[in-house]
Every structure is written in C-alpha cells, then in structure tokens.
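Note: the block below is work20.pdb and it holds PDB, C-alpha atoms.
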MODEL        1
ATOM      1  CA  MET A  51     -19.145  -5.155  48.236
ATOM      2  CA  ASN A  52     -16.415  -5.201  45.589
ATOM      3  CA  LYS A  53     -14.712  -8.101  43.800
ATOM      4  CA  GLN A  54     -11.744  -8.121  46.176
ATOM      5  CA  TRP A  55     -14.015  -8.488  49.195
ATOM      6  CA  LEU A  56     -15.987 -11.244  47.488
ATOM      7  CA  THR A  57     -12.772 -13.078  46.610
ATOM      8  CA  VAL A  58     -11.362 -13.184  50.151
ATOM      9  CA  ILE A  59     -14.754 -14.086  51.639
ATOM     10  CA  ALA A  60     -15.184 -16.905  49.109
ATOM     11  CA  ARG A  61     -11.733 -18.275  49.951
ATOM     12  CA  ALA A  62     -12.486 -18.202  53.659
ATOM     13  CA  ILE A  63     -15.824 -19.981  53.250
ATOM     14  CA  ALA A  64     -14.236 -22.687  51.090
ATOM     15  CA  SER A  65     -11.328 -23.163  53.512
ATOM     16  CA  GLU A  66     -11.240 -25.498  56.493
ATOM     17  CA  GLN A  67      -9.076 -22.967  58.318
ATOM     18  CA  GLU A  68     -10.505 -20.702  60.978
ATOM     19  CA  VAL A  69      -7.634 -18.242  61.334
ATOM     20  CA  PHE A  70      -6.737 -15.757  58.579
ATOM     21  CA  PRO A  71      -4.224 -12.885  58.275
ATOM     22  CA  PHE A  72      -5.938  -9.687  59.374
ATOM     23  CA  ASN A  73      -4.884  -7.821  56.243
ATOM     24  CA  GLN A  74      -6.244  -4.572  54.859
ATOM     25  CA  THR A  75      -9.174  -6.247  53.090
ATOM     26  CA  TRP A  76     -10.280  -8.198  56.141
ATOM     27  CA  GLN A  77      -9.884  -5.119  58.296
ATOM     28  CA  ALA A  78     -12.293  -3.228  56.029
ATOM     29  CA  ILE A  79     -14.796  -6.106  56.001
ATOM     30  CA  HIS A  80     -14.619  -6.562  59.772
ATOM     31  CA  GLN A  81     -14.981  -2.830  60.394
ATOM     32  CA  LYS A  82     -18.120  -2.683  58.242
ATOM     33  CA  TYR A  83     -19.858  -5.908  59.283
ATOM     34  CA  ASN A  84     -18.191  -6.885  62.597
ATOM     35  CA  ILE A  85     -18.079 -10.593  61.761
ATOM     36  CA  GLY A  86     -15.358 -12.767  63.317
ATOM     37  CA  LEU A  87     -13.002 -12.291  66.240
ATOM     38  CA  THR A  88      -9.769 -10.323  65.949
ATOM     39  CA  GLN A  89      -6.666 -11.678  67.663
ATOM     40  CA  ALA A  90      -3.609  -9.436  67.251
ATOM     41  CA  LYS A  91      -2.809  -9.662  63.530
ATOM     42  CA  LYS A  92      -5.213 -12.531  62.898
ATOM     43  CA  LEU A  93      -8.952 -12.881  62.293
ATOM     44  CA  ARG A  94     -10.779 -15.964  63.585
ATOM     45  CA  LEU A  95     -13.849 -17.093  61.656
ATOM     46  CA  ASN A  96     -15.725 -20.093  63.024
ATOM     47  CA  SER A  97     -18.392 -22.025  61.112
ATOM     48  CA  ALA A  98     -21.144 -19.697  62.324
ATOM     49  CA  ASP A  99     -19.151 -16.653  61.156
ATOM     50  CA  LYS A 100     -18.642 -18.227  57.728
ATOM     51  CA  LEU A 101     -22.351 -19.002  57.449
ATOM     52  CA  GLU A 102     -23.120 -15.398  58.375
ATOM     53  CA  LEU A 103     -20.730 -14.161  55.673
ATOM     54  CA  LEU A 104     -22.336 -16.519  53.136
ATOM     55  CA  GLU A 105     -25.809 -15.166  53.894
ATOM     56  CA  LEU A 106     -24.547 -11.575  53.933
ATOM     57  CA  VAL A 107     -23.026 -11.903  50.456
ATOM     58  CA  LYS A 108     -26.218 -13.467  49.101
ATOM     59  CA  LYS A 109     -28.347 -10.693  50.590
ATOM     60  CA  ILE A 110     -26.169  -7.855  49.275
ATOM     61  CA  THR A 111     -25.080  -9.201  45.890
ATOM     62  CA  GLY A 112     -27.471 -12.057  45.112
ATOM     63  CA  ILE A 113     -24.500 -14.423  44.785
ATOM     64  CA  ASN A 114     -24.525 -17.872  46.376
ATOM     65  CA  LEU A 115     -20.827 -18.502  46.971
ATOM     66  CA  LEU A 116     -21.503 -22.239  47.333
ATOM     67  CA  GLN A 117     -22.588 -22.321  43.697
ATOM     68  CA  VAL A 118     -20.483 -19.669  41.966
ATOM     69  CA  GLY A 119     -17.193 -17.927  42.738
ATOM     70  CA  PRO A 120     -16.092 -14.361  41.931
ATOM     71  CA  GLY A 121     -13.688 -15.703  39.312
ATOM     72  CA  ASP A 122     -16.571 -17.219  37.347
ATOM     73  CA  PHE A 123     -17.704 -13.721  36.359
ATOM     74  CA  SER A 124     -14.465 -12.941  34.508
ATOM     75  CA  SER A 125     -15.668 -14.465  31.221
ATOM     76  CA  MET A 126     -19.254 -13.219  31.443
ATOM     77  CA  GLN A 127     -21.045 -10.407  29.665
ATOM     78  CA  ARG A 128     -23.091  -8.030  31.794
ATOM     79  CA  GLU A 129     -26.461  -9.612  31.042
ATOM     80  CA  GLN A 130     -25.047 -13.035  31.954
ATOM     81  CA  ALA A 131     -23.821 -11.700  35.300
ATOM     82  CA  LEU A 132     -27.345 -10.572  36.133
ATOM     83  CA  THR A 133     -28.522 -14.181  36.137
ATOM     84  CA  LEU A 134     -26.278 -14.838  39.127
ATOM     85  CA  ALA A 135     -25.855 -11.456  40.817
ATOM     86  CA  ILE A 136     -27.561  -8.120  41.353
ATOM     87  CA  ASP A 137     -24.655  -6.026  40.055
ATOM     88  CA  GLU A 138     -23.968  -6.381  36.308
ATOM     89  CA  LYS A 139     -20.579  -4.664  36.798
ATOM     90  CA  LEU A 140     -19.206  -7.878  38.299
ATOM     91  CA  ALA A 141     -18.962  -9.174  34.734
ATOM     92  CA  GLY A 142     -15.394  -9.328  33.475
ATOM     93  CA  GLN A 143     -15.944  -8.991  29.742
ATOM     94  CA  SER A 144     -15.361  -5.526  28.316
ATOM     95  CA  VAL A 145     -18.517  -4.026  26.827
ATOM     96  CA  LYS A 146     -16.567  -3.327  23.622
ATOM     97  CA  LYS A 147     -14.733  -6.662  23.507
ATOM     98  CA  ASN A 148     -14.308  -7.941  19.920
ATOM     99  CA  ARG A 149     -15.834  -4.788  18.452
ATOM    100  CA  LEU A 150     -14.321  -2.444  15.875
ATOM    101  CA  ALA A 151     -14.674   1.215  14.940
ATOM    102  CA  ILE A 152     -14.640   1.392  11.133
ATOM    103  CA  LYS A 153     -15.444   3.844   8.351
ATOM    104  CA  ALA A 154     -14.672   4.667   4.720
ATOM    105  CA  LEU A 155     -12.739   7.649   3.397
ATOM    106  CA  PRO A 156     -14.743  10.912   3.496
ATOM    107  CA  GLY A 157     -17.396  10.995   0.787
ATOM    108  CA  ARG A 158     -17.113   7.283   0.077
ATOM    109  CA  ALA A 159     -19.321   4.330   0.940
ATOM    110  CA  LEU A 160     -18.546   1.793   3.640
ATOM    111  CA  LYS A 161     -18.590  -1.574   1.865
ATOM    112  CA  ILE A 162     -19.215  -4.442   4.241
ATOM    113  CA  ASN A 163     -20.864  -7.850   3.759
ATOM    114  CA  GLY A 164     -21.942  -7.065   0.212
ATOM    115  CA  HIS A 165     -23.706  -3.813   1.129
ATOM    116  CA  ASN A 166     -22.801  -0.127   0.736
ATOM    117  CA  TYR A 167     -23.459   2.305   3.597
ATOM    118  CA  ARG A 168     -23.249   6.086   3.564
ATOM    119  CA  LEU A 169     -22.270   7.388   6.984
ATOM    120  CA  PRO A 170     -22.666  11.003   8.156
ATOM    121  CA  GLY A 171     -19.529  13.101   8.450
ATOM    122  CA  ASN A 172     -17.361  12.590  11.541
ATOM    123  CA  SER A 173     -19.033   9.294  12.366
ATOM    124  CA  HIS A 174     -18.156   5.626  12.241
ATOM    125  CA  CYS A 175     -19.699   2.183  12.360
ATOM    126  CA  ASP A 176     -19.308   0.229  15.613
ATOM    127  CA  MET A 177     -19.351  -3.432  14.573
ATOM    128  CA  ALA A 178     -18.598  -6.841  16.063
ATOM    129  CA  LEU A 179     -15.672  -8.623  14.442
ATOM    130  CA  ASP A 180     -17.708 -11.813  14.024
ATOM    131  CA  SER A 181     -20.343  -9.871  12.075
ATOM    132  CA  ILE A 182     -17.849  -8.969   9.351
ATOM    133  CA  ILE A 183     -18.195 -11.716   6.759
ATOM    134  CA  SER A 184     -16.627  -9.852   3.859
ATOM    135  CA  ILE A 185     -14.938  -6.522   3.147
ATOM    136  CA  GLU A 186     -15.291  -5.082  -0.334
ATOM    137  CA  HIS A 187     -12.503  -2.525   0.226
ATOM    138  CA  GLN A 188      -9.041  -3.152  -1.206
ATOM    139  CA  SER A 189      -6.918  -2.303   1.837
ATOM    140  CA  LEU A 190      -6.986  -1.439   5.531
ATOM    141  CA  TRP A 191      -5.887   1.915   6.945
ATOM    142  CA  LEU A 192      -5.151   1.811  10.668
ATOM    143  CA  VAL A 193      -5.415   5.180  12.424
ATOM    144  CA  GLU A 194      -3.584   5.358  15.743
ATOM    145  CA  ASN A 195      -5.344   8.209  17.546
ATOM    146  CA  TYR A 196      -9.101   8.505  17.901
ATOM    147  CA  ARG A 197      -9.195  12.251  17.243
ATOM    148  CA  CYS A 198      -7.566  11.733  13.859
ATOM    149  CA  PHE A 199      -9.845   8.792  13.088
ATOM    150  CA  ASP A 200     -12.926  10.850  13.946
ATOM    151  CA  GLN A 201     -11.746  13.980  12.111
ATOM    152  CA  LEU A 202     -10.352  12.216   9.063
ATOM    153  CA  SER A 203     -12.203  14.649   6.784
ATOM    154  CA  ALA A 204     -10.042  17.497   8.171
ATOM    155  CA  MET A 205      -6.863  15.893   6.855
ATOM    156  CA  LYS A 206      -5.458  16.665   3.417
ATOM    157  CA  LEU A 207      -5.055  13.391   1.531
ATOM    158  CA  HIS A 208      -3.246  13.133  -1.769
ATOM    159  CA  GLU A 209      -5.645  12.048  -4.503
ATOM    160  CA  SER A 210      -3.637   8.882  -5.100
ATOM    161  CA  ALA A 211      -4.333   7.757  -1.514
ATOM    162  CA  ALA A 212      -7.952   7.055  -2.394
ATOM    163  CA  LEU A 213      -6.827   4.561  -5.020
ATOM    164  CA  THR A 214      -6.161   2.039  -2.251
ATOM    165  CA  ASP A 215      -9.947   2.087  -1.540
ATOM    166  CA  PRO A 216      -9.385   1.551   2.192
ATOM    167  CA  LEU A 217     -11.509   0.435   5.077
ATOM    168  CA  VAL A 218     -10.399   2.886   7.770
ATOM    169  CA  VAL A 219     -10.038   1.265  11.207
ATOM    170  CA  PHE A 220      -9.349   2.844  14.596
ATOM    171  CA  ARG A 221      -6.306   1.005  15.929
ATOM    172  CA  GLY A 222      -7.662   0.780  19.453
ATOM    173  CA  ASP A 223      -7.396   2.031  23.029
ATOM    174  CA  ILE A 224      -8.845   0.900  26.367
ATOM    175  CA  VAL A 225     -12.310   0.758  24.776
ATOM    176  CA  TYR A 226     -11.653  -0.692  21.318
ATOM    177  CA  GLN A 227      -8.988  -3.328  21.724
ATOM    178  CA  ALA A 228      -5.906  -3.592  19.532
ATOM    179  CA  ASP A 229      -6.109  -7.402  19.581
ATOM    180  CA  THR A 230      -9.456  -7.219  17.783
ATOM    181  CA  VAL A 231      -7.860  -5.122  15.033
ATOM    182  CA  LEU A 232      -5.085  -7.698  14.704
ATOM    183  CA  SER A 233      -7.695 -10.448  14.365
ATOM    184  CA  LEU A 234      -9.360  -8.467  11.566
ATOM    185  CA  ILE A 235      -6.026  -8.149   9.735
ATOM    186  CA  GLU A 236      -5.313 -11.860  10.032
ATOM    187  CA  LYS A 237      -8.847 -12.741   8.934
ATOM    188  CA  GLN A 238      -9.034 -10.462   5.881
ATOM    189  CA  ARG A 239      -5.407 -10.561   4.638
ATOM    190  CA  LEU A 240      -5.585  -7.118   3.020
ATOM    191  CA  PRO A 241      -2.654  -4.678   2.618
ATOM    192  CA  VAL A 242      -2.254  -2.685   5.834
ATOM    193  CA  TRP A 243      -1.359   1.023   5.740
ATOM    194  CA  MET A 244      -0.555   2.750   9.020
ATOM    195  CA  MET A 245      -1.513   6.345   9.822
ATOM    196  CA  GLY A 246       0.060   6.981  13.192
ATOM    197  CA  ASP A 247       2.475   8.997  15.263
ATOM    198  CA  LEU A 248       5.936   9.210  13.743
ATOM    199  CA  ASP A 249       7.853   8.262  16.832
ATOM    200  CA  PRO A 250       9.799   5.119  17.809
ATOM    201  CA  LYS A 251       6.759   3.305  19.195
ATOM    202  CA  GLY A 252       4.522   4.260  16.261
ATOM    203  CA  LEU A 253       7.035   2.932  13.720
ATOM    204  CA  SER A 254       7.686  -0.208  15.724
ATOM    205  CA  ILE A 255       3.981  -1.034  15.921
ATOM    206  CA  ALA A 256       3.436  -0.241  12.233
ATOM    207  CA  GLN A 257       6.072  -2.683  10.978
ATOM    208  CA  SER A 258       4.833  -5.416  13.304
ATOM    209  CA  TYR A 259       1.490  -5.824  11.516
ATOM    210  CA  PRO A 260       1.015  -8.699   9.068
ATOM    211  CA  HIS A 261       0.639  -7.514   5.461
ATOM    212  CA  PHE A 262       2.226  -4.131   6.285
ATOM    213  CA  ALA A 263       2.177  -2.084   3.063
ATOM    214  CA  GLY A 264       3.477   1.305   4.250
ATOM    215  CA  LEU A 265       2.643   4.575   5.947
ATOM    216  CA  VAL A 266       0.029   7.235   5.279
ATOM    217  CA  ALA A 267       2.151  10.272   6.097
ATOM    218  CA  PRO A 268       3.770  13.454   4.751
ATOM    219  CA  ASP A 269       6.652  12.911   2.339
ATOM    220  CA  MET A 270      10.195  13.004   3.692
ATOM    221  CA  ALA A 271      10.799  16.654   2.728
ATOM    222  CA  ASP A 272       7.732  17.785   4.675
ATOM    223  CA  LEU A 273       8.717  15.604   7.612
ATOM    224  CA  GLU A 274      12.137  17.217   7.690
ATOM    225  CA  THR A 275      10.404  20.590   7.986
ATOM    226  CA  TYR A 276       8.263  19.338  10.879
ATOM    227  CA  PHE A 277      11.280  18.050  12.764
ATOM    228  CA  ASN A 278      12.921  21.465  12.499
ATOM    229  CA  VAL A 279       9.992  23.243  14.175
ATOM    230  CA  PRO A 280      10.414  23.254  17.995
ATOM    231  CA  GLY A 281       6.672  23.320  18.622
ATOM    232  CA  LYS A 282       6.141  20.175  16.557
ATOM    233  CA  ALA A 283       9.192  18.037  17.320
ATOM    234  CA  ASN A 284       8.526  16.194  20.587
ATOM    235  CA  HIS A 285      11.804  15.185  22.246
ATOM    236  CA  LYS A 286      10.107  13.611  25.259
ATOM    237  CA  LEU A 287       8.508  10.957  23.053
ATOM    238  CA  TYR A 288      11.913   9.982  21.730
ATOM    239  CA  GLU A 289      13.495   9.791  25.175
ATOM    240  CA  LYS A 290      10.623   7.746  26.595
ATOM    241  CA  GLN A 291      10.347   5.252  23.745
ATOM    242  CA  LEU A 292      13.912   4.817  22.529
ATOM    243  CA  ALA A 293      15.012   1.953  24.786
ATOM    244  CA  GLY A 294      11.980  -0.200  24.032
ATOM    245  CA  CYS A 295      12.035   0.279  20.250
ATOM    246  CA  GLN A 296      15.632   0.866  19.186
ATOM    247  CA  GLN A 297      16.538  -2.768  18.498
ATOM    248  CA  ALA A 298      13.433  -3.512  16.403
ATOM    249  CA  LEU A 299      13.828  -0.347  14.329
ATOM    250  CA  SER A 300      17.559  -0.708  13.774
ATOM    251  CA  GLY A 301      16.980  -4.111  12.198
ATOM    252  CA  THR A 302      13.954  -3.146  10.091
ATOM    253  CA  CYS A 303      13.571  -4.645   6.629
ATOM    254  CA  TYR A 304      11.282  -1.836   5.415
ATOM    255  CA  PRO A 305      12.931   1.126   3.611
ATOM    256  CA  VAL A 306      10.176   3.566   4.642
ATOM    257  CA  ILE A 307      10.577   2.636   8.311
ATOM    258  CA  LYS A 308      14.355   2.946   7.981
ATOM    259  CA  ALA A 309      14.051   6.424   6.395
ATOM    260  CA  CYS A 310      11.692   7.681   9.109
ATOM    261  CA  TRP A 311      13.833   6.110  11.825
ATOM    262  CA  LEU A 312      16.931   7.928  10.540
ATOM    263  CA  LEU A 313      15.041  11.249  10.700
ATOM    264  CA  ILE A 314      13.791  10.530  14.202
ATOM    265  CA  LYS A 315      17.262   9.528  15.433
ATOM    266  CA  HIS A 316      18.887  12.564  13.814
ATOM    267  CA  HIS A 317      16.467  14.997  15.443
ATOM    268  CA  GLN A 318      15.965  12.873  18.591
ATOM    269  CA  ALA A 319      12.254  13.650  18.502
ATOM    270  CA  GLY A 320       8.880  12.278  17.439
ATOM    271  CA  ILE A 321       5.861  13.905  15.822
ATOM    272  CA  VAL A 322       2.276  13.141  16.846
ATOM    273  CA  GLN A 323      -0.246  12.701  14.078
ATOM    274  CA  GLU A 324      -2.648  15.354  15.395
ATOM    275  CA  HIS A 325      -0.422  17.879  13.582
ATOM    276  CA  TRP A 326      -1.885  16.549  10.326
ATOM    277  CA  LEU A 327      -5.218  18.091  11.368
ATOM    278  CA  LEU A 328      -3.639  21.547  11.147
ATOM    279  CA  GLY A 329      -2.179  23.450   8.221
ATOM    280  CA  ASP A 330      -1.908  22.290   4.627
ATOM    281  CA  THR A 331       0.340  19.250   4.943
ATOM    282  CA  ILE A 332      -0.640  16.588   2.439
ATOM    283  CA  LEU A 333      -0.633  12.939   3.464
ATOM    284  CA  SER A 334       0.286  10.444   0.788
ATOM    285  CA  LEU A 335       1.120   6.759   0.569
ATOM    286  CA  GLN A 336       4.697   5.963   1.575
ATOM    287  CA  PRO A 337       5.136   2.330   0.449
ATOM    288  CA  ALA A 338       7.018  -0.054   2.694
TER     289      ALA A 338
ENDMDL
END
Hey, can you dump this file as structure tokens for me?
Amino acid sequence: MNKQWLTVIARAIASEQEVFPFNQTWQAIHQKYNIGLTQAKKLRLNSADKLELLELVKKITGINLLQVGPGDFSSMQREQALTLAIDEKLAGQSVKKNRLAIKALPGRALKINGHNYRLPGNSHCDMALDSIISIEHQSLWLVENYRCFDQLSAMKLHESAALTDPLVVFRGDIVYQADTVLSLIEKQRLPVWMMGDLDPKGLSIAQSYPHFAGLVAPDMADLETYFNVPGKANHKLYEKQLAGCQQALSGTCYPVIKACWLLIKHHQAGIVQEHWLLGDTILSLQPA
C-alpha cells in the first residue's frame, strides 16, 4: 500500500461524502480489496466501507488514520516513521539530508573541529552539517561531479593550488543535496573555488555562490586546445543550456567567467570536467 493509496483513503475517511470519482487510484484499490460499490464513473463508500478501509490500513501498514495522516510522515526520519507505521520508507526525509561529502587535498589532513584526520586515498568523510563547528582550512573547493571528487588524486594540480589549503566538498546530487553545501558556504564564509564543467550551466552556478573566488581549471591556452578537439568539445551541452544561462553569463561581473564564456560562445560547446582525469592537463587557480 503506497503513499498515494494511503492519501486517497485518508481523504475519503475524513470526508462526509460517500461518492468519489472512480479514478485510476481508486480503481486499483477497489480491484485489490473490493471495498465500496462502483456506479459508472463513481465509487460509493458508506460508513461501513470507510471503517473497513480504516481497519485494512491499520492491519497492513500499522497506521491509524484517525491519529496520523500520510502527510505527517513527510518531515520524519526513518526511525521516527517506525513509531507510527510498519514501513520505514514512508518517511519523507532523505537519508542524506543535511549531510556533506568532504575531504582534504591528496596527502593532506582533513582539519575539522580542531582535529586533524588522515583519510585513505579515494575516500571522503560523510558528515552532518550541524556537526561542523569549525573548519581549519583556508578555503572551500566545490567539485561538481562525484567521479572527479572521488578521484581527485588522479588530477594534476599546480603546486600553487595547494596554497589555498582547501576543504574539498562534493557539490551535490540526488543523494548529497546542493542546498546543504550552500548552507556550509554561508555558515563558514570562506573563499569558494569551483571545480566544475566548463559549460554555460557550470559557469552560471559557479558565479552564483557567495564568496566566489574563482575556478580550479586549466589556463585559457589549454582550454582553447580542448575546445578545438572534436572528441572533447561537447556541442550538445551548449545547445541544451544556452537559453537558461545566457542572460546571467552575459552580465557577469567576474573576468574569469567572462573569459570562459567568450570561449564557450565562440566554439558553441562545453567541456566536462572528467577530461581532467585524463592526460597531463594541469589545473590551476583562475581567480575571479
């Protein structure tokens, strides 16, 4: 019995009506449990039918719909949901909500809350935002794609890049949420360097961060070379992202964003950052 079924059943039980549209959800419920009377495109549920549905839901899910509604689970963690239901998956909170994936540069210590931690290669620390009291790093590096975050040691970084002493943060996806990263930035107020795809969306996101300091990327000469290689220049990215990003990038106040945007427009293509995992391209700090 999924959340949609629980929602329509809860509404029916709470309603004084007896006749409901015989929509797709009710059709599925009626077909499975044969409760109520169908009348053309309507479903009639009398008080006895509603009581039967109430008892059925309690038996299957453990939920008493007179005490709690399906919407009440939206703000719960899984263990909280188990106090009211059998299925912990009814909880609405993401398991990774308000958590971050963080690490230091390869060979360096992760400095958090006054302690130094040495992590194994190709690993990271999964940490709740609220648990971060202090960061003893001097800047934040945001890495757009998880593969590049995980394989950071495979990238060639200019020696000057380490001088920023960064806390390296995965920017987020459907598991680690971008809003949590933004909260970290606002909380810590450290310079933010972006290591991401060099495409319209990547540049637009980079310049939107508070305390944006610049890009971690190849220099402009190397980028020009990349854009001239058909296997590396991705024209589909440009076509897909242009309309949504053109206005923000055309009015940028950051010289580094403007320079990259001119290259992207000229070649009508973007470059994904996974290319930095291959070859000998050196990534350096490109100040905003």
Could you tell me which residues the PyMOL selection byres ((chain A and resi 75-87) around 8) grabs in this file, written as a PyMOL selection string?
chain A and resi 54-55+58+71-74+88-89+93-96+99+102-103
Give the centre and edge lengths of an axis-aligned box, in Å to one decimal, that holds all listed atoms of stretch 145-156 of chain A with 6 Å on each side, as AutoDock Vina command-line options.
--center_x -15.6 --center_y 1.5 --center_z 15.1 --size_x 17.8 --size_y 30.9 --size_z 35.4
Would you work out the distance separating atom CA of A:Ile314 from atom CA of A:Pro268, expressed in Å to one decimal?
14.1 Å
Expressed in Å to a single decimal, how great is the separation between atom CA of A:Asn195 and atom CA of A:Gly246?
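Calculated distance between atom CA of A:Asn195 and atom CA of A:Gly246 is 7.0 Å.
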Evaluating the PyMOL selection byres ((chain A and resi 249) around 7) on the displayed file yields which residues, as a list in words?
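Those residues are Asp247, Leu248, Pro250, Lys251, Gly252, Leu253, Leu287, Tyr288, Ile314, Gly320 and Ile321 of chain A.
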Got a sec: who's within 9 Å of stretch 329-338 of chain A, counting only C-alpha atoms, leaving out chain neighbours fewer than 6 positions off, as a ChimeraX atom specification?
/A:205-211,243,257,262-269,272,303-307
For the file shown, what are the residues hit by the PyMOL selection byres ((chain A and resi 282) around 9), laid out as a PyMOL selection string?
chain A and resi 276-281+283-284+320-322+325
So, with all atoms listed in the file as the atoms that count, which of A:Ile224, A:Met245, A:Leu56, A:Val118 lies closest to A:Gln323?
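Selected residue with least distance to A:Gln323: A:Met245.
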Can you tell me how far atom CA of A:Lys147 sits from atom CA of A:Tyr226, in Å to one decimal?
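Pair atom CA of A:Lys147 / atom CA of A:Tyr226 returns 7.1 Å.
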Can you pull out every residue within 12 Å of A:Tyr196, counting all atoms listed in the file, but drop anything in the same chain fewer than 5 positions away, and send it as a PyMOL selection string?
chain A and resi 151-152+172-174+201-202+218-226+245-247+323-324
For A:Val193, which residue among A:Met244, A:Asn148, A:Lys153, A:Val231 is the nearest when counting only C-alpha atoms?
A:Met244
Pick the closest to A:Asp215 from A:Arg239, A:His261, A:Lys161, A:His285: which is it, counting only C-alpha atoms?
A:Lys161
Using only C-alpha atoms, which of A:Ser233, A:Asn52, A:Thr275, A:Ser181 sits nearest A:Tyr259?
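Between A:Ser233, A:Asn52, A:Thr275, A:Ser181, the residue approaching A:Tyr259 most closely is A:Ser233.
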Option closest in space to A:Gln296, from A:Leu234, A:Ser254, A:Ala154, A:His316 [counting only C-alpha atoms]
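Ranking A:Leu234, A:Ser254, A:Ala154, A:His316 by distance to A:Gln296, first place goes to A:Ser254.
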Would you pick out the contacts of A:Pro216 at 8 Å or less, using only C-alpha atoms, so that residues sharing its chain but fewer than 2 positions from it are not included, and give the list as a compact mmCIF listing (two decimals) with C-alpha atoms, in the coordinates of the input?
# COMPACT_ATOMS: atom_id res chain seq x y z
CA ALA A 154 -14.67 4.67 4.72
CA LEU A 155 -12.74 7.65 3.40
CA HIS A 187 -12.50 -2.52 0.23
CA GLN A 188 -9.04 -3.15 -1.21
CA SER A 189 -6.92 -2.30 1.84
CA LEU A 190 -6.99 -1.44 5.53
CA TRP A 191 -5.89 1.92 6.94
CA ALA A 212 -7.95 7.06 -2.39
CA THR A 214 -6.16 2.04 -2.25
CA VAL A 218 -10.40 2.89 7.77
